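Everything below belongs to structure35.csv, which stores CSV, C-alpha atoms.
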```csv
chain,number,residue,atom,x,y,z
A,21,MET,CA,66.2,89.5,143.2
A,22,ARG,CA,64.9,86.3,144.8
A,23,ASP,CA,61.7,84.5,145.3
A,24,TYR,CA,60.2,84.3,148.8
A,25,GLU,CA,57.1,83.0,150.3
A,26,ILE,CA,55.4,84.8,153.2
A,27,MET,CA,53.0,82.8,155.3
A,28,THR,CA,51.0,84.7,157.9
A,29,ILE,CA,48.5,83.7,160.5
A,30,HIS,CA,46.0,86.4,161.4
A,31,ARG,CA,43.9,86.5,164.6
A,32,PRO,CA,40.7,84.4,164.4
A,33,ASP,CA,38.5,87.2,166.0
A,34,LEU,CA,38.8,89.3,162.9
A,35,THR,CA,36.2,89.0,160.1
A,36,GLU,CA,37.0,87.8,156.6
A,37,ASP,CA,36.7,91.3,155.3
A,38,GLU,CA,39.2,92.7,157.8
A,39,ILE,CA,41.7,90.0,156.9
A,40,GLU,CA,41.2,90.8,153.3
A,41,ALA,CA,41.9,94.4,154.0
A,42,LYS,CA,45.0,93.6,156.1
A,43,ILE,CA,46.5,91.5,153.4
A,44,THR,CA,45.8,94.1,150.7
A,45,GLU,CA,47.4,96.6,153.1
A,46,LEU,CA,50.5,94.4,153.3
A,47,GLU,CA,50.5,94.0,149.5
A,48,SER,CA,50.5,97.7,149.0
A,49,TYR,CA,53.3,98.1,151.5
A,50,LEU,CA,55.2,95.5,149.6
A,51,SER,CA,54.7,97.1,146.2
A,52,ASP,CA,55.7,100.4,147.7
A,53,SER,CA,59.0,99.0,148.8
A,54,GLY,CA,59.7,97.6,145.4
A,55,VAL,CA,58.6,94.1,145.9
A,56,SER,CA,56.4,92.3,143.4
A,57,VAL,CA,53.7,90.0,144.6
A,58,THR,CA,53.5,87.0,142.2
A,59,LYS,CA,50.9,84.9,144.0
A,60,ARG,CA,48.3,85.4,146.7
A,61,GLU,CA,46.7,82.5,148.5
A,62,LEU,CA,44.1,82.7,151.2
A,63,TRP,CA,43.6,79.5,153.0
A,64,GLY,CA,40.9,80.8,155.3
A,65,LYS,CA,40.3,79.7,158.9
A,66,ARG,CA,42.2,76.7,159.9
A,67,ARG,CA,42.7,74.9,163.2
A,68,PHE,CA,46.1,75.0,164.8
A,69,ALA,CA,47.9,71.8,165.6
A,70,TYR,CA,48.5,73.3,169.1
A,71,GLU,CA,47.2,76.3,171.0
A,72,ILE,CA,49.0,79.6,170.3
A,73,ASP,CA,48.3,82.4,172.9
A,74,HIS,CA,45.0,80.7,173.9
A,75,MET,CA,43.8,80.7,170.3
A,76,SER,CA,43.0,77.5,168.6
A,77,GLU,CA,42.5,78.7,165.0
A,78,GLY,CA,43.6,81.4,162.7
A,79,TYR,CA,43.4,82.7,159.2
A,80,TYR,CA,46.3,81.5,157.0
A,81,SER,CA,47.5,83.2,153.9
A,82,VAL,CA,50.5,82.8,151.7
A,83,LEU,CA,52.0,85.5,149.5
A,84,SER,CA,54.7,84.6,146.9
A,85,ILE,CA,57.0,87.6,146.3
A,86,HIS,CA,60.0,88.5,144.2
A,87,ALA,CA,62.3,90.8,146.3
A,88,GLU,CA,65.8,91.9,147.0
A,89,PRO,CA,67.3,90.0,150.0
A,90,GLY,CA,67.6,93.3,151.9
A,91,ALA,CA,63.8,94.0,151.7
A,92,VAL,CA,63.0,90.8,153.6
A,93,ASP,CA,64.3,92.2,156.9
A,94,SER,CA,61.9,95.1,156.9
A,95,ILE,CA,59.0,92.9,155.9
A,96,ASP,CA,59.9,90.5,158.8
A,97,ARG,CA,60.0,93.4,161.2
A,98,ARG,CA,56.8,94.8,160.1
A,99,LEU,CA,55.0,91.5,160.5
A,100,SER,CA,56.5,90.9,164.0
A,101,LEU,CA,55.2,94.3,165.1
A,102,ALA,CA,51.7,93.8,163.7
A,103,ASP,CA,49.2,92.9,166.4
A,104,GLU,CA,46.8,91.2,164.1
A,105,VAL,CA,49.4,88.7,162.9
A,106,VAL,CA,49.7,85.8,165.3
A,107,ARG,CA,52.7,84.2,163.5
A,108,HIS,CA,54.5,84.7,160.2
A,109,LYS,CA,57.3,83.0,158.3
A,110,ILE,CA,59.3,84.0,155.3
A,111,VAL,CA,61.0,81.2,153.4
A,112,ARG,CA,62.7,80.7,150.1
A,113,PRO,CA,60.6,78.1,148.2
A,114,GLY,CA,62.3,74.8,147.3
A,115,GLU,CA,64.7,74.8,150.3
B,8,MET,CA,58.7,17.0,178.2
B,9,PRO,CA,58.0,19.2,175.2
B,10,ARG,CA,61.1,20.7,173.7
B,11,LYS,CA,61.2,24.4,173.8
B,12,ASN,CA,62.0,26.3,170.6
B,13,LYS,CA,65.6,27.3,171.3
B,14,ARG,CA,66.6,28.0,167.8
B,15,THR,CA,68.7,31.1,167.2
B,16,PRO,CA,66.9,33.9,165.5
B,17,ARG,CA,67.1,34.1,161.8
B,18,ALA,CA,69.1,37.3,161.7
B,19,VAL,CA,71.9,35.6,163.7
B,20,ARG,CA,71.8,32.5,161.6
B,21,GLY,CA,72.1,34.4,158.4
B,22,GLY,CA,70.2,32.7,155.6
B,23,ARG,CA,67.0,34.1,154.4
B,24,ARG,CA,67.1,37.3,156.4
B,25,GLU,CA,70.4,38.3,154.8
B,26,ASN,CA,69.0,38.3,151.3
B,27,TYR,CA,65.6,39.7,152.0
B,28,ARG,CA,64.8,42.7,149.9
B,29,ARG,CA,67.0,41.9,147.0
B,30,GLY,CA,66.3,43.5,143.7
B,31,LYS,CA,65.4,47.1,142.9
B,32,PRO,CA,65.1,49.3,145.9
B,33,LYS,CA,61.7,51.1,146.2
B,34,PRO,CA,62.0,54.8,145.2
B,35,CYS,CA,61.6,57.1,148.2
B,36,ALA,CA,58.2,58.7,148.6
B,37,VAL,CA,59.4,62.2,147.7
B,38,CYS,CA,61.5,61.1,144.7
B,39,ALA,CA,58.6,59.1,143.4
B,40,GLN,CA,56.5,62.1,143.0
B,41,GLY,CA,59.1,64.2,141.2
B,42,GLY,CA,61.1,65.3,144.2
B,43,ALA,CA,59.0,68.4,144.9
B,44,LEU,CA,58.4,69.0,148.6
B,45,ASP,CA,56.2,71.6,150.1
B,46,TRP,CA,56.4,72.3,153.9
B,47,LYS,CA,52.9,73.8,153.7
B,48,ASP,CA,51.4,70.5,152.7
B,49,ALA,CA,50.6,69.2,156.2
B,50,SER,CA,48.6,66.2,155.1
B,51,PHE,CA,51.6,64.9,153.0
B,52,LEU,CA,54.1,65.5,155.8
B,53,ARG,CA,51.8,63.6,158.2
B,54,LYS,CA,53.0,60.5,156.5
B,55,PHE,CA,56.5,61.1,157.9
B,56,VAL,CA,55.5,61.7,161.5
B,57,SER,CA,54.3,59.2,164.1
B,58,ASP,CA,50.9,59.5,165.9
B,59,ARG,CA,52.8,61.3,168.6
B,60,GLY,CA,54.1,63.8,166.2
B,61,LYS,CA,57.7,62.6,166.1
B,62,ILE,CA,59.6,62.5,162.8
B,63,ARG,CA,59.9,59.0,161.5
B,64,SER,CA,63.4,57.6,161.2
B,65,ARG,CA,64.9,57.0,157.9
B,66,ARG,CA,64.6,53.3,158.4
B,67,VAL,CA,60.8,53.6,158.9
B,68,SER,CA,60.1,56.4,156.4
B,69,GLY,CA,62.2,54.8,153.6
B,70,LEU,CA,63.3,58.2,152.3
B,71,CYS,CA,66.6,58.7,150.6
B,72,PRO,CA,69.2,60.7,152.6
B,73,ARG,CA,68.5,64.0,150.8
B,74,ASP,CA,64.8,63.8,151.2
B,75,GLN,CA,65.0,62.6,154.8
B,76,ARG,CA,66.8,65.9,155.5
B,77,ARG,CA,64.4,67.9,153.5
B,78,VAL,CA,61.4,66.3,155.1
B,79,ALA,CA,62.8,66.9,158.5
B,80,THR,CA,63.2,70.6,157.9
B,81,ALA,CA,59.8,70.8,156.2
B,82,VAL,CA,58.2,69.2,159.3
B,83,LYS,CA,60.0,71.6,161.5
B,84,ASN,CA,58.8,74.6,159.5
B,85,ALA,CA,55.3,73.2,159.5
B,86,ARG,CA,55.4,72.8,163.3
B,87,GLU,CA,56.4,76.5,163.7
B,88,MET,CA,53.3,77.5,161.8
B,89,ALA,CA,51.1,75.1,163.8
B,90,LEU,CA,50.3,73.0,160.8
B,91,LEU,CA,51.8,70.0,162.6
B,92,PRO,CA,52.0,69.3,166.3
B,93,TYR,CA,55.2,69.3,168.3
B,94,VAL,CA,53.7,66.7,170.5
B,95,SER,CA,50.3,65.1,170.5
B,96,ILE,CA,49.1,63.0,173.3
B,97,ARG,CA,47.0,60.1,172.2
```
Whole structure, structure tokens version:
Amino acid sequence: MRDYEIMTIHRPDLTEDEIEAKITELESYLSDSGVSVTKRELWGKRRFAYEIDHMSEGYYSVLSIHAEPGAVDSIDRRLSLADEVVRHKIVRPGE
Amino acid sequence: MPRKNKRTPRAVRGGRRENYRRGKPKPCAVCAQGGALDWKDASFLRKFVSDRGKIRSRRVSGLCPRDQRRVATAVKNAREMALLPYVSIR
């Protein structure tokens, strides 16, 4: 088991409640696949340093998780397929 | 006719330039705060990029070799997530 951090950027045209729901959805998906979420941070709407797909801002969130290395691939895939996620990144903290 | 200043620069002559910055070297900015580095902290990483968004060189940033590498990857991670610019025209 290792620690990871998942940072996601959600589309800015969603409402706060929708974002909240999407993240809860992601969390329940994580716990279903045997991953424990240790920390949840919602940064809220933030301006991008550069334009991404004609969007200039997005909702940032960071989830700290404790997972098997193999579980990360499926999380990564799920996030890349999600339309509401503009960008995501999974890193091992402290690297 | 006034004589022009044709003295060789200090760096060439040796002398004071050679022993400037004697004494204890300044601890690098990352080590000084306990060595923890977070790529999500864009405002902190701003210190290590130029106005244009380029990563400052080791000579300018004053970081130790390990932290220069870590800062560089942190800046690159932050750029991917649009926390820092790749280029910014100013």
**Report entry** Which of B:Ile96, B:Leu90, B:Ala85, B:Cys35 sits closest to chain A [using all atoms listed in the file]
**Finding:**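 The closest residue to chain A is B:Leu90.
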Query raised in the report: Got a sec: who's within 10 Å of Thr44 of chain A, counting only C-alpha atoms, leaving out chain neighbours fewer than 6 positions off, as a PyMOL selection string?
Result: chain A and resi 38+50+60
Report task. Determine which residues of chain B sit within 12 Å of chain A, taking into account all atoms listed in the file, and present them as a PyMOL selection string. Result -> chain B and resi 42-50+53+59-60+73-74+76-81+84-96
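Taking atom CA of Ser53 of chain A and atom CA of Glu25 of chain A as endpoints, the distance between them is 16.2 Å.
Computed from the coordinates, the atom CA of Pro32 of chain A to atom CA of Gly64 of chain A distance equals 9.8 Å.
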Report task. Could you tell me how far atom CA of Leu99 of chain A lies from atom CA of His74 of chain A, in Å and to one decimal? Result ->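 Distance between the two atoms: 19.9 Å.
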Report summary line: Restricting to only C-alpha atoms, whichever of A:Ile110, A:Ala102, A:Met75, A:Met21 is closest to Ile43 of chain A is A:Ala102
Is there a way to complete segment 43-60 of chain A with N, CA and C atoms and then write that out as a short mmCIF file (atom, residue, chain, number, x, y, z; two decimals), keeping the file's coordinate frame?
```cif
data_model
loop_
_atom_site.label_atom_id
_atom_site.label_comp_id
_atom_site.auth_asym_id
_atom_site.auth_seq_id
_atom_site.Cartn_x
_atom_site.Cartn_y
_atom_site.Cartn_z
N ILE A 43 45.55 92.09 154.35
CA ILE A 43 46.50 91.50 153.40
C ILE A 43 46.68 92.46 152.22
N THR A 44 45.61 93.14 151.80
CA THR A 44 45.80 94.10 150.70
C THR A 44 46.69 95.24 151.19
N GLU A 45 46.55 95.61 152.48
CA GLU A 45 47.40 96.60 153.10
C GLU A 45 48.88 96.19 152.99
N LEU A 46 49.11 94.93 153.35
CA LEU A 46 50.50 94.40 153.30
C LEU A 46 50.98 94.36 151.88
N GLU A 47 50.11 94.00 150.95
CA GLU A 47 50.50 94.00 149.50
C GLU A 47 50.90 95.34 149.04
N SER A 48 50.12 96.35 149.45
CA SER A 48 50.50 97.70 149.00
C SER A 48 51.76 98.17 149.61
N TYR A 49 51.98 97.75 150.87
CA TYR A 49 53.30 98.10 151.50
C TYR A 49 54.40 97.43 150.74
N LEU A 50 54.20 96.18 150.32
CA LEU A 50 55.20 95.50 149.60
C LEU A 50 55.53 96.15 148.26
N SER A 51 54.47 96.49 147.52
CA SER A 51 54.70 97.10 146.20
C SER A 51 55.36 98.48 146.36
N ASP A 52 55.05 99.16 147.48
CA ASP A 52 55.70 100.40 147.70
C ASP A 52 57.19 100.29 147.96
N SER A 53 57.57 99.16 148.58
CA SER A 53 59.00 99.00 148.80
C SER A 53 59.69 98.18 147.72
N GLY A 54 59.07 98.21 146.55
CA GLY A 54 59.70 97.60 145.40
C GLY A 54 59.70 96.11 145.30
N VAL A 55 58.70 95.52 145.92
CA VAL A 55 58.60 94.10 145.90
C VAL A 55 57.37 93.70 145.06
N SER A 56 57.55 92.73 144.17
CA SER A 56 56.40 92.30 143.40
C SER A 56 55.77 91.07 143.95
N VAL A 57 54.45 91.11 144.09
CA VAL A 57 53.70 90.00 144.60
C VAL A 57 53.30 89.11 143.41
N THR A 58 53.76 87.85 143.40
CA THR A 58 53.50 87.00 142.20
C THR A 58 52.27 86.10 142.46
N LYS A 59 51.97 85.80 143.70
CA LYS A 59 50.90 84.90 144.00
C LYS A 59 50.27 85.23 145.32
N ARG A 60 48.98 85.07 145.42
CA ARG A 60 48.30 85.40 146.70
C ARG A 60 47.35 84.22 146.97
#
```
